[in-house]
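J.: Below is model_13.cif; it holds mmCIF, C-alpha atoms and all ligand atoms.
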data_target
loop_
_atom_site.label_atom_id
_atom_site.label_comp_id
_atom_site.auth_asym_id
_atom_site.auth_seq_id
_atom_site.Cartn_x
_atom_site.Cartn_y
_atom_site.Cartn_z
CA MET A 1 -87.90 -13.43 -40.77
CA ILE A 2 -84.49 -11.80 -40.38
CA ASP A 3 -82.20 -14.48 -38.95
CA PRO A 4 -79.31 -12.92 -36.95
CA ASN A 5 -77.49 -16.27 -36.63
CA ARG A 6 -77.60 -16.98 -40.35
CA PHE A 7 -76.29 -13.43 -40.97
CA LEU A 8 -73.45 -13.84 -38.44
CA ASP A 9 -72.57 -17.27 -39.88
CA ASP A 10 -72.29 -15.73 -43.36
CA LEU A 11 -70.13 -12.92 -42.00
CA HIS A 12 -67.73 -15.40 -40.37
CA ALA A 13 -67.75 -17.53 -43.54
CA LEU A 14 -66.76 -14.53 -45.68
CA ARG A 15 -63.88 -13.78 -43.29
CA ARG A 16 -62.32 -17.16 -44.13
CA PHE A 17 -61.32 -15.72 -47.53
CA GLY A 18 -58.03 -13.98 -46.80
CA ALA A 19 -58.16 -14.52 -43.02
CA ALA A 20 -54.84 -13.23 -41.62
CA GLY A 21 -53.11 -11.69 -38.66
CA VAL A 22 -54.27 -11.29 -35.12
CA GLY A 23 -57.92 -11.14 -34.07
CA LYS A 24 -60.20 -11.23 -37.08
CA GLY A 25 -57.81 -9.73 -39.61
CA VAL A 26 -58.29 -10.03 -43.38
CA VAL A 27 -56.00 -9.57 -46.38
CA ARG A 28 -58.27 -9.47 -49.44
CA PRO A 29 -57.21 -6.65 -51.76
CA ALA A 30 -59.06 -6.09 -55.02
CA TYR A 31 -58.51 -8.80 -57.68
CA SER A 32 -56.39 -10.98 -55.38
CA GLU A 33 -57.10 -14.71 -55.31
CA ALA A 34 -58.88 -14.31 -51.95
CA ASP A 35 -60.99 -11.43 -53.28
CA MET A 36 -62.16 -13.33 -56.36
CA ALA A 37 -62.81 -16.52 -54.33
CA ALA A 38 -64.88 -14.44 -51.87
CA ARG A 39 -66.85 -12.95 -54.76
CA ASP A 40 -67.53 -16.42 -56.23
CA TRP A 41 -68.77 -17.56 -52.82
CA LEU A 42 -70.97 -14.46 -52.49
CA ALA A 43 -72.38 -15.08 -55.98
CA SER A 44 -73.40 -18.60 -54.93
CA ARG A 45 -75.03 -17.25 -51.73
CA MET A 46 -76.89 -14.67 -53.85
CA ALA A 47 -78.23 -17.42 -56.13
CA GLU A 48 -79.33 -19.46 -53.10
CA ALA A 49 -81.14 -16.34 -51.86
CA GLY A 50 -83.18 -16.21 -55.08
CA LEU A 51 -81.20 -13.37 -56.70
CA THR A 52 -79.51 -13.44 -60.12
CA PRO A 53 -75.73 -12.99 -59.63
CA ARG A 54 -74.04 -10.77 -62.23
CA PHE A 55 -70.44 -9.59 -62.44
CA ASP A 56 -69.60 -6.57 -64.56
CA ALA A 57 -66.29 -6.03 -66.37
CA MET A 58 -64.76 -4.23 -63.31
CA GLY A 59 -65.59 -7.20 -61.08
CA ASN A 60 -68.43 -5.42 -59.25
CA LEU A 61 -70.80 -8.23 -58.19
CA PHE A 62 -74.56 -7.70 -58.15
CA GLY A 63 -77.31 -10.03 -56.89
CA LEU A 64 -80.28 -8.83 -58.88
CA ALA A 65 -83.95 -8.99 -57.90
CA GLU A 66 -86.50 -8.82 -60.70
CA GLY A 67 -87.81 -5.45 -61.82
CA PRO A 68 -87.16 -2.16 -60.02
CA SER A 69 -85.54 -2.74 -56.64
CA LEU A 70 -83.80 -1.08 -53.72
CA LEU A 71 -80.04 -1.72 -53.84
CA LEU A 72 -78.25 -2.62 -50.59
CA GLY A 73 -74.58 -3.46 -50.13
CA SER A 74 -71.01 -2.24 -49.85
CA HIS A 75 -67.70 -3.88 -50.84
CA SER A 76 -65.87 -7.14 -50.08
CA ASP A 77 -62.29 -6.19 -50.99
CA SER A 78 -60.04 -5.18 -48.07
CA GLN A 79 -57.11 -2.92 -47.35
CA PRO A 80 -53.64 -4.58 -47.66
CA GLN A 81 -54.11 -5.20 -43.91
CA GLY A 82 -57.77 -4.91 -42.94
CA GLY A 83 -60.50 -6.19 -40.68
CA TRP A 84 -63.38 -8.58 -41.19
CA LEU A 85 -66.17 -5.97 -41.19
CA ASP A 86 -65.08 -3.04 -43.38
CA GLY A 87 -67.38 -3.50 -46.40
CA ALA A 88 -68.16 -7.15 -45.62
CA LEU A 89 -70.79 -6.14 -43.05
CA GLY A 90 -72.82 -4.13 -45.57
CA VAL A 91 -72.70 -6.87 -48.20
CA VAL A 92 -73.65 -9.73 -45.88
CA ALA A 93 -76.42 -7.72 -44.17
CA ALA A 94 -77.78 -6.85 -47.63
CA LEU A 95 -77.75 -10.55 -48.50
CA GLU A 96 -79.78 -11.44 -45.39
CA VAL A 97 -82.35 -8.69 -46.05
CA ALA A 98 -82.70 -9.69 -49.72
CA ARG A 99 -83.01 -13.38 -48.81
CA VAL A 100 -85.85 -12.67 -46.40
CA SER A 101 -87.51 -10.38 -48.90
CA THR A 102 -87.42 -12.83 -51.83
CA GLY A 103 -88.49 -15.68 -49.52
CA SER A 104 -91.50 -13.80 -48.18
CA GLY A 105 -92.61 -11.96 -51.31
CA GLY A 106 -91.50 -8.68 -49.71
CA PRO A 107 -90.24 -5.53 -51.45
CA ALA A 108 -87.67 -6.18 -54.21
CA VAL A 109 -84.13 -5.89 -52.84
CA SER A 110 -80.89 -6.29 -54.83
CA VAL A 111 -77.39 -6.68 -53.41
CA VAL A 112 -74.00 -5.35 -54.50
CA SER A 113 -70.37 -5.88 -53.60
CA PHE A 114 -68.42 -3.12 -55.35
CA GLN A 115 -64.85 -3.76 -56.48
CA ASP A 116 -61.74 -1.95 -55.22
CA GLU A 117 -63.50 0.32 -52.74
CA GLU A 118 -60.28 0.25 -50.75
CA GLY A 119 -58.33 1.99 -53.44
CA ARG A 120 -55.68 -0.35 -54.75
CA TYR A 121 -56.23 1.89 -57.77
CA GLY A 122 -57.06 5.21 -56.12
CA VAL A 123 -60.45 5.99 -54.71
CA THR A 124 -63.53 3.67 -54.67
CA THR A 125 -62.74 2.62 -58.23
CA GLY A 126 -65.44 -0.01 -58.92
CA SER A 127 -68.40 2.15 -57.94
CA ASN A 128 -66.80 5.17 -59.59
CA VAL A 129 -66.69 3.42 -62.97
CA TRP A 130 -70.15 1.85 -62.51
CA SER A 131 -71.77 5.20 -61.67
CA GLY A 132 -70.18 7.03 -64.60
CA GLY A 133 -67.65 9.06 -62.59
CA LEU A 134 -64.64 7.48 -64.30
CA PHE A 135 -64.31 6.09 -67.82
CA GLN A 136 -63.26 2.45 -67.95
CA ALA A 137 -60.32 3.35 -70.22
CA ASP A 138 -59.06 5.95 -67.72
CA ALA A 139 -59.49 3.50 -64.84
CA ASP A 140 -57.59 0.83 -66.79
CA ALA A 141 -54.58 3.14 -67.06
CA LEU A 142 -54.31 3.60 -63.26
CA THR A 143 -51.46 1.65 -61.67
CA ASP A 144 -51.09 0.22 -58.17
CA HIS A 145 -48.01 0.73 -55.99
CA ASP A 146 -46.27 -2.16 -57.80
CA GLY A 147 -46.91 -0.59 -61.19
CA VAL A 148 -49.58 -3.11 -62.27
CA PRO A 149 -52.25 -1.40 -64.40
CA LEU A 150 -55.88 -1.93 -63.45
CA GLY A 151 -56.60 -3.03 -67.02
CA GLN A 152 -54.27 -5.96 -66.45
CA ALA A 153 -55.40 -6.78 -62.89
CA ARG A 154 -59.07 -6.96 -63.85
CA GLN A 155 -58.37 -9.69 -66.41
CA VAL A 156 -58.93 -12.11 -63.50
CA VAL A 157 -62.66 -11.33 -63.77
CA GLY A 158 -62.42 -13.21 -67.08
CA ASP A 159 -65.59 -14.80 -68.38
CA ARG A 160 -67.45 -14.11 -65.14
CA ALA A 161 -68.17 -10.66 -66.63
CA GLY A 162 -71.70 -10.34 -67.96
CA ALA A 163 -73.66 -7.45 -69.45
CA PRO A 164 -73.36 -4.06 -67.71
CA VAL A 165 -75.84 -3.52 -64.86
CA ASP A 166 -78.09 -0.53 -65.53
CA PRO A 167 -78.28 1.76 -62.44
CA ALA A 168 -81.74 2.91 -63.59
CA GLN A 169 -83.32 -0.31 -62.28
CA PHE A 170 -82.57 0.70 -58.68
CA THR A 171 -84.80 3.05 -56.69
CA GLY A 172 -82.14 3.89 -54.10
CA PHE A 173 -79.04 2.61 -52.32
CA VAL A 174 -78.52 1.99 -48.60
CA GLU A 175 -75.14 0.99 -47.17
CA LEU A 176 -74.60 -0.38 -43.67
CA HIS A 177 -70.99 0.04 -42.49
CA ILE A 178 -68.88 0.09 -39.34
CA GLU A 179 -68.14 3.63 -38.17
CA GLN A 180 -64.34 3.21 -38.27
CA GLY A 181 -64.03 6.00 -35.69
CA ALA A 182 -64.69 6.18 -31.96
CA THR A 183 -67.79 8.42 -31.73
CA LEU A 184 -70.48 5.76 -31.21
CA ASP A 185 -68.28 3.49 -29.09
CA THR A 186 -67.27 6.34 -26.79
CA ALA A 187 -70.88 7.52 -26.40
CA GLY A 188 -72.19 3.98 -25.80
CA GLU A 189 -74.55 4.36 -28.78
CA GLN A 190 -75.54 1.68 -31.28
CA ILE A 191 -76.46 3.38 -34.57
CA GLY A 192 -75.20 6.37 -36.54
CA VAL A 193 -77.33 7.76 -39.36
CA VAL A 194 -74.95 9.45 -41.79
CA THR A 195 -75.84 12.96 -42.93
CA ASP A 196 -72.82 13.62 -45.22
CA ILE A 197 -69.68 11.87 -46.44
CA VAL A 198 -66.51 13.98 -46.54
CA GLY A 199 -64.56 14.65 -49.74
CA ILE A 200 -61.07 13.41 -50.55
CA ARG A 201 -58.08 14.23 -52.73
CA ASP A 202 -55.33 11.73 -53.37
CA ARG A 203 -52.24 11.76 -55.56
CA VAL A 204 -48.87 10.07 -55.88
CA ILE A 205 -45.81 12.37 -55.76
CA THR A 206 -42.25 11.50 -56.79
CA LEU A 207 -39.21 13.47 -55.64
CA THR A 208 -36.02 12.83 -57.57
CA GLY A 209 -32.52 13.80 -56.45
CA GLN A 210 -29.18 12.11 -57.11
CA GLN A 211 -28.42 8.59 -55.96
CA ASN A 212 -24.87 8.57 -54.55
CA HIS A 213 -22.33 7.03 -52.16
CA ALA A 214 -23.31 7.44 -48.48
CA GLY A 215 -19.68 7.59 -47.31
CA THR A 216 -18.10 9.95 -49.78
CA THR A 217 -20.84 12.42 -50.60
CA ALA A 218 -20.56 15.52 -48.40
CA MET A 219 -23.81 16.59 -46.76
CA ALA A 220 -23.71 19.95 -48.50
CA LEU A 221 -23.53 18.27 -51.90
CA ARG A 222 -26.37 15.80 -51.46
CA ARG A 223 -29.63 15.80 -53.33
CA ASP A 224 -31.32 13.35 -50.96
CA ALA A 225 -34.90 12.44 -51.86
CA PHE A 226 -35.69 11.10 -48.36
CA GLN A 227 -34.62 14.37 -46.73
CA GLY A 228 -36.93 16.09 -49.20
CA LEU A 229 -39.89 14.01 -48.04
CA VAL A 230 -39.10 14.59 -44.36
CA ALA A 231 -38.77 18.36 -44.84
CA PHE A 232 -41.97 18.46 -46.91
CA SER A 233 -43.97 16.48 -44.35
CA SER A 234 -42.90 18.46 -41.28
CA ARG A 235 -43.28 21.83 -43.00
CA LEU A 236 -46.68 20.80 -44.34
CA ASN A 237 -47.91 20.01 -40.82
CA GLU A 238 -46.97 23.54 -39.77
CA ARG A 239 -48.38 25.30 -42.82
CA LEU A 240 -51.69 23.42 -42.94
CA ARG A 241 -52.51 24.54 -39.39
CA ASN A 242 -53.57 27.91 -40.79
CA VAL A 243 -56.27 26.51 -43.08
CA VAL A 244 -57.71 23.39 -41.42
CA THR A 245 -60.30 22.50 -38.75
CA PRO A 246 -60.03 19.62 -36.25
CA GLN A 247 -62.01 17.51 -38.76
CA SER A 248 -59.51 18.01 -41.62
CA VAL A 249 -57.07 15.13 -42.11
CA TRP A 250 -54.03 14.47 -44.28
CA THR A 251 -51.91 11.34 -44.64
CA ILE A 252 -48.68 10.20 -46.26
CA GLY A 253 -49.53 6.49 -46.02
CA HIS A 254 -47.39 4.84 -48.68
CA VAL A 255 -43.69 5.55 -49.20
CA ALA A 256 -41.32 3.78 -51.60
CA LEU A 257 -37.72 4.85 -51.21
CA SER A 258 -35.27 4.03 -53.95
CA PRO A 259 -33.00 2.17 -53.84
CA ASN A 260 -33.67 1.78 -50.06
CA ALA A 261 -30.18 0.70 -49.00
CA SER A 262 -28.11 1.68 -45.94
CA SER A 263 -25.06 2.93 -47.85
CA ILE A 264 -26.76 4.81 -50.65
CA VAL A 265 -28.03 8.41 -50.55
CA PRO A 266 -31.60 7.84 -51.78
CA GLY A 267 -32.13 9.10 -55.31
CA GLN A 268 -35.88 8.89 -55.42
CA VAL A 269 -38.95 8.68 -53.22
CA ARG A 270 -42.48 7.98 -54.37
CA PHE A 271 -45.23 8.64 -51.83
CA SER A 272 -49.00 9.00 -51.53
CA MET A 273 -50.42 12.35 -50.43
CA GLN A 274 -54.04 12.20 -49.32
CA TRP A 275 -56.25 14.80 -47.67
CA ARG A 276 -59.93 14.85 -46.64
CA ASP A 277 -62.45 17.45 -45.51
CA ALA A 278 -66.21 18.01 -45.60
CA ASP A 279 -65.79 21.42 -47.28
CA VAL A 280 -64.82 21.54 -50.93
CA ALA A 281 -63.30 25.04 -50.62
CA ARG A 282 -61.07 23.88 -47.77
CA LEU A 283 -59.96 20.87 -49.83
CA ALA A 284 -58.80 23.37 -52.47
CA ARG A 285 -57.00 25.54 -49.90
CA MET A 286 -55.23 22.47 -48.56
CA GLU A 287 -54.21 21.57 -52.10
CA ALA A 288 -52.70 25.01 -52.62
CA VAL A 289 -50.66 24.71 -49.41
CA ILE A 290 -49.46 21.24 -50.41
CA GLU A 291 -48.38 22.49 -53.86
CA GLU A 292 -46.59 25.51 -52.49
CA THR A 293 -44.76 23.58 -49.75
CA LEU A 294 -43.71 20.93 -52.24
CA SER A 295 -42.30 23.46 -54.72
CA LYS A 296 -40.38 25.32 -52.01
CA VAL A 297 -38.80 22.19 -50.52
CA ALA A 298 -37.93 20.84 -53.97
CA ALA A 299 -36.26 24.13 -54.92
CA GLU A 300 -34.29 24.32 -51.66
CA LEU A 301 -32.99 20.74 -51.92
CA ASP A 302 -32.63 20.74 -55.71
CA LEU A 303 -35.08 17.90 -56.24
CA GLY A 304 -37.26 17.14 -59.25
CA VAL A 305 -41.02 16.82 -58.67
CA GLU A 306 -43.43 14.62 -60.59
CA LYS A 307 -47.12 14.47 -59.74
CA GLY A 308 -49.55 11.69 -60.61
CA PRO A 309 -53.20 12.39 -61.49
CA LEU A 310 -55.21 14.15 -58.78
CA LEU A 311 -57.92 11.67 -57.80
CA GLY A 312 -60.82 12.69 -55.64
CA LEU A 313 -64.43 12.60 -54.60
CA GLU A 314 -66.57 15.55 -53.59
CA PRO A 315 -68.36 15.76 -50.23
CA VAL A 316 -71.88 14.32 -50.62
CA ALA A 317 -75.11 14.76 -48.61
CA MET A 318 -77.36 11.75 -47.97
CA ASP A 319 -80.98 11.60 -49.17
CA VAL A 320 -83.37 13.14 -46.65
CA ASP A 321 -86.21 10.62 -47.13
CA LEU A 322 -83.98 7.54 -46.87
CA CYS A 323 -82.34 9.09 -43.78
CA ALA A 324 -85.78 9.55 -42.21
CA GLN A 325 -86.46 5.83 -42.74
CA LEU A 326 -83.14 4.95 -41.12
CA GLU A 327 -83.85 7.29 -38.21
CA ALA A 328 -87.27 5.71 -37.63
CA GLY A 329 -85.62 2.26 -37.70
CA ALA A 330 -82.85 3.40 -35.34
CA GLU A 331 -85.38 4.77 -32.84
CA MET A 332 -87.23 1.44 -32.96
CA VAL A 333 -84.16 -0.80 -32.63
CA ALA A 334 -81.97 1.38 -30.37
CA PRO A 335 -84.21 3.98 -28.71
CA GLY A 336 -82.17 6.95 -27.47
CA LYS A 337 -78.94 5.22 -28.54
CA TRP A 338 -78.43 6.61 -32.01
CA ARG A 339 -77.30 9.88 -33.56
CA GLN A 340 -76.90 11.69 -36.86
CA MET A 341 -73.25 11.96 -37.87
CA LEU A 342 -70.72 12.80 -40.57
CA SER A 343 -68.68 10.06 -42.25
CA GLY A 344 -64.96 10.82 -42.25
CA ALA A 345 -64.34 7.59 -44.18
CA LEU A 346 -65.05 7.23 -47.88
CA HIS A 347 -67.78 4.98 -49.13
CA ASP A 348 -69.21 3.71 -52.41
CA ALA A 349 -72.40 5.62 -51.53
CA THR A 350 -70.61 8.83 -52.62
CA ASN A 351 -70.37 7.52 -56.19
CA VAL A 352 -73.77 5.83 -56.24
CA ALA A 353 -75.33 9.23 -55.33
CA ARG A 354 -74.74 10.23 -58.98
CA CYS A 355 -77.44 7.79 -60.02
CA MET A 356 -80.02 7.52 -57.22
CA PRO A 357 -80.89 8.61 -53.66
CA VAL A 358 -78.43 7.12 -51.17
CA ALA A 359 -78.17 6.75 -47.40
CA MET A 360 -75.83 5.11 -44.90
CA LEU A 361 -75.90 3.87 -41.36
CA PHE A 362 -73.07 3.02 -38.98
CA VAL A 363 -72.58 0.64 -36.10
CA PRO A 364 -69.78 1.20 -33.54
CA SER A 365 -66.15 0.19 -34.04
CA ILE A 366 -64.64 -1.03 -30.76
CA GLY A 367 -61.96 1.47 -29.72
CA GLY A 368 -62.51 3.29 -33.02
CA ILE A 369 -60.02 0.95 -34.74
CA SER A 370 -60.34 0.06 -38.43
CA HIS A 371 -58.04 -0.51 -41.45
CA ALA A 372 -56.19 -2.77 -39.01
CA PHE A 373 -56.40 -6.46 -38.08
CA GLU A 374 -57.84 -5.49 -34.66
CA GLU A 375 -61.04 -4.00 -36.18
CA ASN A 376 -64.13 -5.37 -34.41
CA THR A 377 -67.73 -4.68 -33.35
CA ASP A 378 -69.96 -6.35 -30.74
CA GLU A 379 -72.20 -8.89 -32.44
CA ALA A 380 -75.25 -7.30 -30.75
CA ASP A 381 -74.39 -4.04 -32.56
CA LEU A 382 -73.93 -5.82 -35.89
CA VAL A 383 -77.38 -7.34 -35.48
CA ALA A 384 -78.88 -3.97 -34.50
CA GLY A 385 -77.51 -2.52 -37.75
CA LEU A 386 -79.01 -5.42 -39.69
CA HIS A 387 -82.46 -4.75 -38.20
CA VAL A 388 -82.33 -1.03 -39.01
CA LEU A 389 -81.29 -1.85 -42.59
CA ALA A 390 -84.18 -4.31 -42.90
CA HIS A 391 -86.57 -1.63 -41.63
CA ALA A 392 -85.30 0.82 -44.25
CA ALA A 393 -85.91 -1.84 -46.93
CA GLY A 394 -89.56 -2.08 -45.84
CA LEU A 395 -89.33 -5.39 -43.95
C1 LIG B 1 -62.17 3.86 -47.31
O1 LIG B 1 -61.91 2.77 -46.90
C2 LIG B 1 -61.49 5.02 -46.85
O2 LIG B 1 -60.27 5.09 -47.04
O3 LIG B 1 -62.12 5.87 -46.21
MN MN B 2 -65.43 0.28 -46.32
MN MN B 3 -61.97 0.75 -45.81
#
Before anything else, please render the file you have as structure tokens.
T.:
Amino acid sequence: MIDPNRFLDDLHALRRFGAAGVGKGVVRPAYSEADMAARDWLASRMAEAGLTPRFDAMGNLFGLAEGPSLLLGSHSDSQPQGGWLDGALGVVAALEVARVSTGSGGPAVSVVSFQDEEGRYGVTTGSNVWSGGLFQADADALTDHDGVPLGQARQVVGDRAGAPVDPAQFTGFVELHIEQGATLDTAGEQIGVVTDIVGIRDRVITLTGQQNHAGTTAMALRRDAFQGLVAFSSRLNERLRNVVTPQSVWTIGHVALSPNASSIVPGQVRFSMQWRDADVARLARMEAVIEETLSKVAAELDLGVEKGPLLGLEPVAMDVDLCAQLEAGAEMVAPGKWRQMLSGALHDATNVARCMPVAMLFVPSIGGISHAFEENTDEADLVAGLHVLAHAAGL
């Protein structure tokens, strides 16, 4: 039988790897010591649950049931500052469902913790490579914000890496996740059945001016990279208004100013430009506005522009039959307290949809906070999500 206490104990145990900050914060970015230690611990829990643990060369960790099986899971890496549930919930709930299933001779259930969902190297990298959306060689050439190539970072997987895991052995994929927004919490509901996951575009942009003395360089003569970024960002906010809906979002989340000193006119700024929307045509219109605004600002301030590769994922619809199973489970576990909803966050399910039917369910995030140490969910809601997942797996 599904054991909520065993599941919650595992969830708290996983949080110990990289525990940081206030509340239940976690720092466990892909390929860090904490990430790999967490994966080794998960592999041992998978083996105890009667599954065969298998790492692939990216560091994706599978717990394999024999023969064709339903795949459940998510990711166990975190943002540079993250919470204890983003990804971890889906992996640990999958482990509990698989453990019960193997122990009781139930339907075959495998488990996965994908690597680098949080995008140290872009966008859901581990599941993207595994599902054939990105060649390993192209992934290896991606660099993080410190310039470390993925090909170098993933060496820490070392001889854990076994044979590739064939997606064809899985009949479908179901991912339980926290909502990471405030919809369910505000409505006092317990379960969200995801209908679609939005699409995303993400690229690194570098503006280059002239590094110079902050006391002697007249304002009119400056080619200040920071001023370029500020002008770009504020003009972009104005210009995008004409093409977006209230659901469209865009973020400059990472900025590296060079040389970042009080008495130097900054010569260079490198920043991330990310935008998301459920409509692929709108993503393209947003891209055009971004390009145009960037070119105009660069020309006005006499700055050079360099653009990194445009990474992205398309909007994806969930499988209707798997959704129906989740809806039936939601009505059983939380009658009248569930809804269908869109996911504004990215998930590995988007990539896995290339290979098999996929579905997702959400539980509430208290105050809608996530990608922050304060991220949390009532334990009763975590357990409700676990029960709906188990129902979808045929338990
Ligand atoms: C995934 O964590 C995302 O950025 O939506
Ligand atoms: Mn996540
Ligand atoms: Mn996340």
J.: Using all atoms listed in the file for the distances, tell me which of A:Trp250, A:Phe173, A:Phe226, A:Phe7 is nearest to ligand LIG 1 (chain B).
T.: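 Checking each candidate against ligand LIG 1 (chain B), we get A:Trp250 as the closest.
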J.: Which residues form the shell of 9 Å around ligand MN 3 (chain B) when you count only C-alpha atoms and all ligand atoms, given as a PyMOL selection string?
T.: chain A and resi 75+77-79+82-83+86-87+117-119+180+345-347+370-371
J.: Tell me, as JSON, numbers by chain, which residues lie within 6 Å of range 46-55 of chain A, counting only C-alpha atoms; anything in the same chain fewer than 2 positions away does not count.
T.: {"A": [43, 44, 59, 60, 61, 62, 63, 64, 65, 99, 161, 162]}
J.: Can you sort out the box for range 25-37 of chain A, edges along x, y and z, all listed atoms in, 3 Å on every side, with centre and edge lengths in Å to one decimal, as AutoDock Vina command-line options?
T.:
--center_x -59.4 --center_y -11.3 --center_z -48.6 --size_x 12.8 --size_y 16.4 --size_z 24.1
J.: Pull the neighbourhood of (-73.1, 5.2, -60.7) for me: all residues within 12 Å in file coordinates, counting only C-alpha atoms, as JSON, numbers by chain.
T.: {"A": [60, 71, 114, 124, 125, 126, 127, 128, 129, 130, 131, 132, 133, 134, 135, 164, 165, 166, 167, 168, 169, 170, 172, 173, 348, 349, 350, 351, 352, 353, 354, 355, 356, 357, 358]}
J.: Generate the output file for the selected residues, C-alpha atoms, as a PDB file, keeping the file's coordinate frame.
T.:
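New file again-v1.pdb:
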ATOM      1  CA  ASN A  60     -68.430  -5.420 -59.250  1.00  0.00           C
ATOM      2  CA  LEU A  71     -80.040  -1.720 -53.840  1.00  0.00           C
ATOM      3  CA  PHE A 114     -68.420  -3.120 -55.350  1.00  0.00           C
ATOM      4  CA  THR A 124     -63.530   3.670 -54.670  1.00  0.00           C
ATOM      5  CA  THR A 125     -62.740   2.620 -58.230  1.00  0.00           C
ATOM      6  CA  GLY A 126     -65.440  -0.010 -58.920  1.00  0.00           C
ATOM      7  CA  SER A 127     -68.400   2.150 -57.940  1.00  0.00           C
ATOM      8  CA  ASN A 128     -66.800   5.170 -59.590  1.00  0.00           C
ATOM      9  CA  VAL A 129     -66.690   3.420 -62.970  1.00  0.00           C
ATOM     10  CA  TRP A 130     -70.150   1.850 -62.510  1.00  0.00           C
ATOM     11  CA  SER A 131     -71.770   5.200 -61.670  1.00  0.00           C
ATOM     12  CA  GLY A 132     -70.180   7.030 -64.600  1.00  0.00           C
ATOM     13  CA  GLY A 133     -67.650   9.060 -62.590  1.00  0.00           C
ATOM     14  CA  LEU A 134     -64.640   7.480 -64.300  1.00  0.00           C
ATOM     15  CA  PHE A 135     -64.310   6.090 -67.820  1.00  0.00           C
ATOM     16  CA  PRO A 164     -73.360  -4.060 -67.710  1.00  0.00           C
ATOM     17  CA  VAL A 165     -75.840  -3.520 -64.860  1.00  0.00           C
ATOM     18  CA  ASP A 166     -78.090  -0.530 -65.530  1.00  0.00           C
ATOM     19  CA  PRO A 167     -78.280   1.760 -62.440  1.00  0.00           C
ATOM     20  CA  ALA A 168     -81.740   2.910 -63.590  1.00  0.00           C
ATOM     21  CA  GLN A 169     -83.320  -0.310 -62.280  1.00  0.00           C
ATOM     22  CA  PHE A 170     -82.570   0.700 -58.680  1.00  0.00           C
ATOM     23  CA  GLY A 172     -82.140   3.890 -54.100  1.00  0.00           C
ATOM     24  CA  PHE A 173     -79.040   2.610 -52.320  1.00  0.00           C
ATOM     25  CA  ASP A 348     -69.210   3.710 -52.410  1.00  0.00           C
ATOM     26  CA  ALA A 349     -72.400   5.620 -51.530  1.00  0.00           C
ATOM     27  CA  THR A 350     -70.610   8.830 -52.620  1.00  0.00           C
ATOM     28  CA  ASN A 351     -70.370   7.520 -56.190  1.00  0.00           C
ATOM     29  CA  VAL A 352     -73.770   5.830 -56.240  1.00  0.00           C
ATOM     30  CA  ALA A 353     -75.330   9.230 -55.330  1.00  0.00           C
ATOM     31  CA  ARG A 354     -74.740  10.230 -58.980  1.00  0.00           C
ATOM     32  CA  CYS A 355     -77.440   7.790 -60.020  1.00  0.00           C
ATOM     33  CA  MET A 356     -80.020   7.520 -57.220  1.00  0.00           C
ATOM     34  CA  PRO A 357     -80.890   8.610 -53.660  1.00  0.00           C
ATOM     35  CA  VAL A 358     -78.430   7.120 -51.170  1.00  0.00           C
TER      36      VAL A 358
END
J.: For Gly394 in chain A, please output as a list in words all residues within 12 Å (counting all atoms listed in the file; exclusion window: fewer than 3 positions along the same chain).
T.: Ser69, Leu70, Val97, Ala98, Val100, Ser101, Gly105, Gly106, Pro107, Ala108, Val109, Leu322, Gln325, Leu326, Ala328, Gly329, His387, Val388, Leu389, Ala390 and His391 of chain A
J.: Would you list the contacts of Ser234 in chain A as a ChimeraX atom specification, taking every protein, DNA or RNA residue within 12 Å and counting only C-alpha atoms, but skipping same-chain residues closer than 4 positions in sequence?
T.: /A:227-230,238-241,251-252,290,293-294,297
J.: When you count all atoms listed in the file, which of these residues is closest to Leu382 in chain A: A:Gly147, A:Pro315, A:Pro364, A:Gly267?
T.: A:Pro364
